[in-house]
Structure formats: structure tokens, C-alpha cells
$ cat entry.csv   # CSV, C-alpha atoms
chain,number,residue,atom,x,y,z
A,1,ASN,CA,131.6,-12.1,-13.6
A,2,ALA,CA,131.7,-14.8,-16.2
A,3,GLY,CA,130.0,-17.5,-14.1
A,4,VAL,CA,130.9,-21.0,-15.2
A,5,THR,CA,132.9,-21.4,-18.4
A,6,GLN,CA,133.7,-24.5,-20.3
A,7,THR,CA,136.1,-25.3,-23.1
A,8,PRO,CA,136.0,-26.5,-25.8
A,9,LYS,CA,132.4,-26.2,-27.0
A,10,PHE,CA,132.7,-29.0,-29.5
A,11,GLN,CA,135.2,-31.8,-29.8
A,12,VAL,CA,135.6,-34.9,-32.0
A,13,LEU,CA,137.9,-37.7,-30.8
A,14,LYS,CA,139.0,-41.0,-32.1
A,15,THR,CA,138.6,-44.1,-30.0
A,16,GLY,CA,141.5,-44.4,-27.6
A,17,GLN,CA,142.5,-40.8,-27.6
A,18,SER,CA,142.6,-38.8,-24.3
A,19,MET,CA,141.6,-35.3,-23.6
A,20,THR,CA,140.7,-32.8,-20.9
A,21,LEU,CA,137.5,-30.8,-20.7
A,22,GLN,CA,138.2,-27.5,-18.9
A,23,CYS,CA,135.8,-25.9,-16.4
A,24,ALA,CA,136.3,-22.7,-14.5
A,25,GLN,CA,134.2,-20.6,-12.2
A,26,ASP,CA,134.8,-17.1,-10.8
A,27,MET,CA,132.1,-17.1,-8.1
A,28,ASN,CA,134.4,-18.6,-5.4
A,29,HIS,CA,132.1,-21.6,-5.1
A,30,GLU,CA,133.3,-24.6,-3.1
A,31,TYR,CA,131.1,-27.2,-4.8
A,32,MET,CA,131.7,-28.2,-8.4
A,33,SER,CA,130.3,-31.1,-10.4
A,34,TRP,CA,130.5,-32.7,-13.8
A,35,TYR,CA,127.5,-34.2,-15.5
A,36,ARG,CA,126.8,-35.9,-18.8
A,37,GLN,CA,123.6,-35.5,-20.7
A,38,ASP,CA,122.4,-38.2,-23.0
A,39,PRO,CA,119.1,-38.2,-24.9
A,40,GLY,CA,116.2,-39.2,-22.7
A,41,MET,CA,118.4,-39.8,-19.7
A,42,GLY,CA,118.6,-36.5,-18.0
A,43,LEU,CA,121.8,-35.5,-16.3
A,44,ARG,CA,124.0,-38.1,-14.7
A,45,LEU,CA,126.7,-37.1,-12.2
A,46,ILE,CA,130.2,-38.2,-13.1
A,47,HIS,CA,132.4,-36.7,-10.4
A,48,TYR,CA,132.1,-33.9,-7.9
A,49,SER,CA,134.2,-31.8,-5.5
A,50,VAL,CA,133.3,-30.1,-2.3
A,51,GLY,CA,136.5,-28.0,-2.2
A,52,ALA,CA,140.0,-27.7,-3.4
A,53,GLY,CA,141.8,-31.1,-3.0
A,54,ILE,CA,138.6,-33.0,-2.4
A,55,THR,CA,136.9,-35.1,-5.1
A,56,ASP,CA,134.5,-38.0,-5.1
A,57,GLN,CA,132.7,-40.2,-7.6
A,58,GLY,CA,129.2,-39.8,-8.8
A,59,GLU,CA,126.9,-42.1,-10.6
A,60,VAL,CA,129.0,-42.8,-13.7
A,61,PRO,CA,132.7,-42.2,-12.9
A,62,ASN,CA,134.3,-45.0,-15.0
A,63,GLY,CA,136.6,-43.8,-17.8
A,64,TYR,CA,136.9,-40.3,-16.2
A,65,ASN,CA,139.4,-38.6,-13.8
A,66,VAL,CA,139.2,-35.3,-12.0
A,67,SER,CA,141.3,-33.2,-9.8
A,68,ARG,CA,140.7,-29.9,-7.9
A,69,SER,CA,144.0,-28.1,-7.3
A,70,THR,CA,142.3,-24.7,-7.1
A,71,THR,CA,138.9,-23.4,-6.1
A,72,GLU,CA,138.3,-22.0,-9.6
A,73,ASP,CA,139.2,-25.0,-11.8
A,74,PHE,CA,137.8,-28.5,-12.1
A,75,PRO,CA,139.0,-30.3,-15.2
A,76,LEU,CA,137.6,-33.6,-16.4
A,77,ARG,CA,140.0,-36.0,-18.1
A,78,LEU,CA,139.0,-38.8,-20.5
A,79,LEU,CA,141.7,-41.4,-20.2
A,80,SER,CA,140.9,-43.5,-23.3
A,81,ALA,CA,137.9,-42.2,-25.2
A,82,ALA,CA,135.2,-44.7,-26.2
A,83,PRO,CA,132.1,-44.2,-28.4
A,84,SER,CA,129.9,-44.7,-25.3
A,85,GLN,CA,131.3,-41.4,-24.0
A,86,THR,CA,129.7,-39.5,-26.8
A,87,SER,CA,127.6,-37.0,-24.9
A,88,VAL,CA,127.1,-33.4,-23.9
A,89,TYR,CA,129.1,-32.6,-20.7
A,90,PHE,CA,128.1,-29.9,-18.3
A,91,CYS,CA,130.1,-28.5,-15.4
A,92,ALA,CA,128.3,-26.8,-12.5
A,93,SER,CA,129.1,-25.0,-9.4
A,94,ARG,CA,127.4,-23.8,-6.2
A,95,SER,CA,128.4,-22.2,-3.0
A,96,GLY,CA,127.4,-25.1,-0.9
A,97,THR,CA,126.1,-23.0,2.0
A,98,GLY,CA,122.7,-24.7,1.8
A,99,GLY,CA,120.9,-21.5,2.3
A,100,PRO,CA,118.2,-19.8,0.1
A,101,THR,CA,120.9,-18.3,-2.2
A,102,ASP,CA,122.7,-21.6,-2.7
A,103,THR,CA,122.0,-22.0,-6.4
A,104,GLN,CA,123.7,-24.4,-8.8
A,105,TYR,CA,125.0,-22.6,-11.9
A,106,PHE,CA,125.7,-24.6,-15.1
A,107,GLY,CA,128.3,-23.9,-17.9
A,108,PRO,CA,127.2,-23.9,-21.5
A,109,GLY,CA,128.3,-27.5,-22.1
A,110,THR,CA,130.9,-29.4,-24.3
A,111,ARG,CA,129.5,-31.5,-27.0
A,112,LEU,CA,131.8,-34.5,-27.4
A,113,THR,CA,131.7,-37.1,-30.2
A,114,VAL,CA,133.9,-40.2,-30.1
A,115,LEU,CA,134.3,-42.0,-33.4
B,116,GLY,CA,119.5,-43.9,-3.3
B,117,ASP,CA,117.8,-40.7,-4.3
B,118,SER,CA,115.7,-40.6,-7.4
B,119,VAL,CA,113.4,-38.2,-9.4
B,120,THR,CA,110.6,-39.3,-11.7
B,121,GLN,CA,109.2,-36.8,-14.1
B,122,MET,CA,106.2,-36.9,-16.3
B,123,GLU,CA,107.2,-38.3,-19.7
B,124,GLY,CA,107.0,-36.0,-22.7
B,125,PRO,CA,107.0,-34.6,-25.1
B,126,VAL,CA,104.2,-32.2,-24.2
B,127,THR,CA,102.6,-30.0,-26.8
B,128,LEU,CA,100.3,-27.2,-25.9
B,129,SER,CA,98.7,-24.2,-27.6
B,130,GLU,CA,99.6,-20.7,-26.5
B,131,GLU,CA,97.8,-19.6,-23.3
B,132,ALA,CA,97.0,-23.2,-22.2
B,133,PHE,CA,97.6,-24.4,-18.7
B,134,LEU,CA,100.7,-26.4,-18.0
B,135,THR,CA,101.4,-29.1,-15.5
B,136,ILE,CA,104.6,-31.2,-15.4
B,137,ASN,CA,104.5,-33.8,-12.7
B,138,CYS,CA,107.5,-34.6,-10.6
B,139,THR,CA,107.9,-37.0,-7.7
B,140,TYR,CA,110.9,-37.9,-5.7
B,141,THR,CA,112.5,-40.5,-3.4
B,142,ALA,CA,115.1,-39.3,-1.0
B,143,THR,CA,116.6,-40.7,2.2
B,144,GLY,CA,117.0,-37.3,3.8
B,145,TYR,CA,115.2,-34.0,3.5
B,146,PRO,CA,116.2,-32.6,0.1
B,147,SER,CA,115.9,-29.2,-1.5
B,148,LEU,CA,113.9,-29.4,-4.8
B,149,PHE,CA,114.5,-27.6,-8.0
B,150,TRP,CA,113.1,-27.0,-11.5
B,151,TYR,CA,115.6,-26.2,-14.2
B,152,VAL,CA,114.9,-25.1,-17.8
B,153,GLN,CA,117.2,-25.8,-20.8
B,154,TYR,CA,116.7,-23.9,-24.1
B,155,PRO,CA,118.1,-25.4,-27.3
B,156,GLY,CA,121.9,-25.5,-27.4
B,157,GLU,CA,122.3,-24.0,-23.9
B,158,GLY,CA,123.1,-25.2,-20.4
B,159,LEU,CA,120.6,-25.5,-17.6
B,160,GLN,CA,119.2,-22.5,-15.8
B,161,LEU,CA,117.5,-22.6,-12.5
B,162,LEU,CA,113.8,-21.8,-12.8
B,163,LEU,CA,112.7,-22.1,-9.2
B,164,LYS,CA,113.4,-23.9,-6.0
B,165,ALA,CA,112.0,-24.8,-2.6
B,166,THR,CA,114.0,-25.8,0.4
B,167,LYS,CA,111.3,-27.0,2.9
B,168,ALA,CA,107.9,-28.6,3.0
B,169,ASP,CA,105.0,-26.4,1.8
B,170,ASP,CA,107.4,-23.8,0.3
B,171,LYS,CA,106.2,-22.5,-3.0
B,172,GLY,CA,108.9,-21.6,-5.6
B,173,SER,CA,107.9,-19.2,-8.3
B,174,ASN,CA,109.5,-17.4,-11.2
B,175,LYS,CA,108.4,-16.1,-14.6
B,176,GLY,CA,104.8,-17.2,-14.0
B,177,PHE,CA,105.9,-20.8,-13.1
B,178,GLU,CA,105.1,-22.2,-9.7
B,179,ALA,CA,105.8,-25.4,-7.8
B,180,THR,CA,105.0,-26.4,-4.2
B,181,TYR,CA,107.1,-28.8,-2.1
B,182,ARG,CA,104.7,-31.5,-0.9
B,183,LYS,CA,106.4,-33.7,1.6
B,184,GLU,CA,103.3,-35.9,2.2
B,185,THR,CA,103.1,-36.9,-1.5
B,186,THR,CA,106.8,-36.4,-2.2
B,187,SER,CA,105.9,-34.2,-5.2
B,188,PHE,CA,107.0,-30.9,-6.7
B,189,HIS,CA,104.8,-30.4,-9.7
B,190,LEU,CA,105.5,-27.5,-12.1
B,191,GLU,CA,102.6,-25.3,-13.2
B,192,LYS,CA,102.0,-22.3,-15.3
B,193,GLY,CA,98.6,-20.7,-15.9
B,194,SER,CA,99.2,-19.5,-19.5
B,195,VAL,CA,102.1,-20.7,-21.5
B,196,GLN,CA,103.8,-18.8,-24.3
B,197,VAL,CA,105.8,-19.9,-27.4
B,198,SER,CA,108.9,-18.7,-25.6
B,199,ASP,CA,108.4,-21.3,-22.9
B,200,SER,CA,109.2,-24.1,-25.3
B,201,ALA,CA,112.2,-25.8,-23.8
B,202,VAL,CA,113.2,-28.9,-21.8
B,203,TYR,CA,112.3,-28.9,-18.1
B,204,PHE,CA,114.2,-30.9,-15.4
B,205,CYS,CA,113.1,-31.6,-11.9
B,206,ALA,CA,115.9,-32.2,-9.5
B,207,LEU,CA,116.7,-32.7,-5.8
B,208,SER,CA,119.8,-31.9,-3.8
B,209,ASP,CA,121.0,-33.9,-0.9
B,210,ARG,CA,121.4,-31.4,2.0
B,211,THR,CA,124.0,-33.6,3.7
B,212,ASN,CA,126.2,-33.2,0.6
B,213,ALA,CA,125.3,-30.1,-1.4
B,214,GLY,CA,127.6,-31.1,-4.2
B,215,LYS,CA,125.3,-33.9,-5.3
B,216,SER,CA,122.1,-33.4,-7.2
B,217,THR,CA,119.8,-36.0,-8.8
B,218,PHE,CA,117.9,-35.1,-11.9
B,219,GLY,CA,114.8,-36.4,-13.6
B,220,ASP,CA,115.0,-37.3,-17.3
B,221,GLY,CA,113.5,-34.1,-18.5
B,222,THR,CA,110.2,-33.1,-20.2
B,223,THR,CA,110.2,-31.4,-23.6
B,224,LEU,CA,107.6,-28.7,-23.9
B,225,THR,CA,106.6,-27.3,-27.2
B,226,VAL,CA,104.1,-24.4,-27.3
B,227,LYS,CA,102.4,-23.7,-30.6
B,228,PRO,CA,101.0,-20.3,-31.5
$ encode --input "entry.csv" --output "C-alpha cells"
Amino acid sequence: NAGVTQTPKFQVLKTGQSMTLQCAQDMNHEYMSWYRQDPGMGLRLIHYSVGAGITDQGEVPNGYNVSRSTTEDFPLRLLSAAPSQTSVYFCASRSGTGGPTDTQYFGPGTRLTVL
Amino acid sequence: GDSVTQMEGPVTLSEEAFLTINCTYTATGYPSLFWYVQYPGEGLQLLLKATKADDKGSNKGFEATYRKETTSFHLEKGSVQVSDSAVYFCALSDRTNAGKSTFGDGTTLTVKP
């Protein structure tokens, strides 16, 4: 049971380039989310999904796209990278049952630098 | 919308000192409350949680009580260790949409021997 995995761990892009951050979970969780973490700003929700085929915007969705074709995978696409997107990106998943065992699990993060 | 306000850091303590990190929240519904810990270079790990008023979450010597009347969820530990040095995040989860969580800005704790 690998939990939540993210690739790559580090990435450097030039302004205007596009790329996809990969996220996968093997816990059969319905709920998945993408966050960005900037110094002194905590985590901000970019996009989230409550099940395969269903996605919605979070607090800071501009410049990012997501899709959820399977329960396991939730990739985050940067359409045209900008220096303001330099950040650490975390993917998370949870079962969504709302009960005592409904815990959010985080991946190890992707550190992205846009030059 | 929902929000979480955490005590500003950084916090520096000596080993075996008492720790309190304050957390207050604003929510339209009846949220679940969480504390997460992040060690350098790693993702967030759930430290403890509480899902209803007056619940006490506890783990690894840390405790926090869900206080609905004061909308607070303060983190405490009676005797900190050097290994507790990390960033601590308070968070809430909207029960009507469990995919969405709101996080505080984080409090950096450094424990010196």
C-alpha cells in the first residue's frame, strides 16, 4: 500500500512551458485534492474531486486544469507556466465517508520552480 | 467562507517546556477539526482530529479539544522534545463537502536541547 504518490519530486520550467504533475492513490479514496504551499501562506486549495468524472475549483484555480478519469489518478496540468506558480504542490486523498476514520493523506510533494 | 487563524510563529522552546499553539476558526457549518504536522522536506501528516464539540483529539502526547463556544482548537503538549520541531497546521473540513479543507498558515516550532 503506497498511499499517495506524486511525480516528479522536483521540476524546473521556463515561463510559458506546460507540464503535468502526476498524483495517484491506491486506497480507493473518492476524494482527491491539489494544494499549493507558499511560504507563510499555509496550503491553498487549487482543485478537488469528489469522484471519478467530477472535479471542481478551489481557492486558486487559475492557470491549472484537472481531470479525474479514474478513481486512482488525479493529474494537475499547468497550461502556461508563470513565475507566480513557483511553489510546492501537494496532492491529497480521503475516503470521504465523514466518519472517524475519514483521514486526509498527503503525498510527498512536488517542488516546482518557474524561471 | 471558512477560515482558520493560527498563532503566528516561529515558536522556540527548550526541551521539556509546555507547548500551546492557538487555533481559532470560522465556519458556516459544523466542521471537523484537524492538526497536521510537517517535517522538513516532507508532506503533511495527520497529528490528531476531532469531529464534534467537546471531543478531545490526542496523539504522541499532543492534545486539542474542539471548543464550539469559543470556535477554538488549541494544540497542547506537556513536555516537548527536540524531535517535535516541525511546522504545525490547524485545519477544518467542511462536512457538507469532505473534499474541501481549509488550512491555517502554519506555526513553526523549534525545540532546543
$ atom_distance --input "entry.csv" --atom1 "CA of Ser93 (chain A)" --atom2 "CA of Gln6 (chain A)"
11.8 Å
$ closest_residue --input "entry.csv" --among "A:Leu79, A:Met27, A:Cys91, A:Val12" --to "chain B" --atoms "all atoms listed in the file"
A:Cys91
$ interface_residues --input "entry.csv" --of "chain A" --to "chain B" --cutoff "8 Å" --atoms "only C-alpha atoms" --output "list of chain:residue names"
A:Tyr31, A:Met32, A:Ser33, A:Gly40, A:Met41, A:Gly42, A:Leu43, A:Arg44, A:Leu45, A:Tyr48, A:Ser49, A:Val50, A:Gly58, A:Phe90, A:Arg94, A:Gly96, A:Thr97, A:Gly98, A:Pro100, A:Thr103, A:Gln104, A:Tyr105, A:Phe106, A:Gly107, A:Pro108, A:Gly109
$ atom_distance --input "entry.csv" --atom1 "CA of Asn1 (chain A)" --atom2 "CA of Arg36 (chain A)"
24.8 Å
$ residues_around --input "entry.csv" --residues "Ala168 (chain B)" --least-positions-apart "5" --cutoff "7 Å" --atoms "only C-alpha atoms" --output "PyMOL selection string"
chain B and resi 181-183
$ atom_distance --input "entry.csv" --atom1 "CA of Met19 (chain A)" --atom2 "CA of Arg77 (chain A)"
5.8 Å
$ closest_residue --input "entry.csv" --among "A:Asp56, A:Thr71, A:Asn65, A:Leu21" --to "Ser95 (chain A)" --atoms "all atoms listed in the file"
A:Thr71
$ residues_around --input "entry.csv" --residues "Val114 (chain A)" --least-positions-apart "2" --cutoff "9 Å" --atoms "all atoms listed in the file" --output "list in words"
Gln11, Val12, Leu13, Lys14, Thr15, Gln17, Ala81, Ala82, Pro83, Ser84, Gln85, Thr86, Ser87 and Leu112 of chain A
$ decode --input "entry.csv" --residues "region 101-114 of chain A" --atoms "N, CA, C and O atoms" --output "compact mmCIF listing (two decimals), in the first residue's frame"
# COMPACT_ATOMS: atom_id res chain seq x y z
N THR A 101 -12.78 7.49 10.76
CA THR A 101 -11.59 7.02 10.05
C THR A 101 -11.35 7.79 8.76
O THR A 101 -10.46 7.46 7.99
N ASP A 102 -12.14 8.81 8.50
CA ASP A 102 -12.03 9.58 7.26
C ASP A 102 -10.89 10.57 7.40
O ASP A 102 -11.09 11.72 7.77
N THR A 103 -9.70 10.13 7.08
CA THR A 103 -8.48 10.92 7.25
C THR A 103 -7.93 11.32 5.89
O THR A 103 -7.96 10.54 4.95
N GLN A 104 -7.40 12.55 5.82
CA GLN A 104 -6.80 13.03 4.59
C GLN A 104 -5.32 12.64 4.58
O GLN A 104 -4.59 12.93 5.54
N TYR A 105 -4.88 11.98 3.53
CA TYR A 105 -3.50 11.56 3.36
C TYR A 105 -2.84 12.43 2.28
O TYR A 105 -3.42 12.64 1.22
N PHE A 106 -1.62 12.87 2.57
CA PHE A 106 -0.91 13.75 1.64
C PHE A 106 0.24 13.00 0.97
O PHE A 106 0.88 12.13 1.57
N GLY A 107 0.50 13.37 -0.28
CA GLY A 107 1.68 12.90 -0.96
C GLY A 107 2.91 13.67 -0.49
O GLY A 107 2.79 14.62 0.28
N PRO A 108 4.10 13.29 -0.97
CA PRO A 108 5.34 13.90 -0.51
C PRO A 108 5.60 15.27 -1.12
O PRO A 108 6.50 15.98 -0.67
N GLY A 109 4.85 15.66 -2.14
CA GLY A 109 5.00 16.99 -2.72
C GLY A 109 5.86 17.03 -3.97
O GLY A 109 6.72 16.17 -4.19
N THR A 110 5.59 18.03 -4.80
CA THR A 110 6.41 18.34 -5.98
C THR A 110 6.86 19.79 -5.84
O THR A 110 6.04 20.69 -5.72
N ARG A 111 8.17 19.98 -5.86
CA ARG A 111 8.72 21.33 -5.76
C ARG A 111 8.95 21.87 -7.16
O ARG A 111 9.79 21.35 -7.89
N LEU A 112 8.18 22.87 -7.53
CA LEU A 112 8.21 23.43 -8.89
C LEU A 112 8.80 24.83 -8.88
O LEU A 112 8.40 25.68 -8.07
N THR A 113 9.76 25.04 -9.78
CA THR A 113 10.34 26.37 -9.97
C THR A 113 10.10 26.79 -11.41
O THR A 113 10.40 26.03 -12.34
N VAL A 114 9.55 28.00 -11.57
CA VAL A 114 9.32 28.53 -12.92
C VAL A 114 10.22 29.76 -13.11
O VAL A 114 10.12 30.73 -12.35
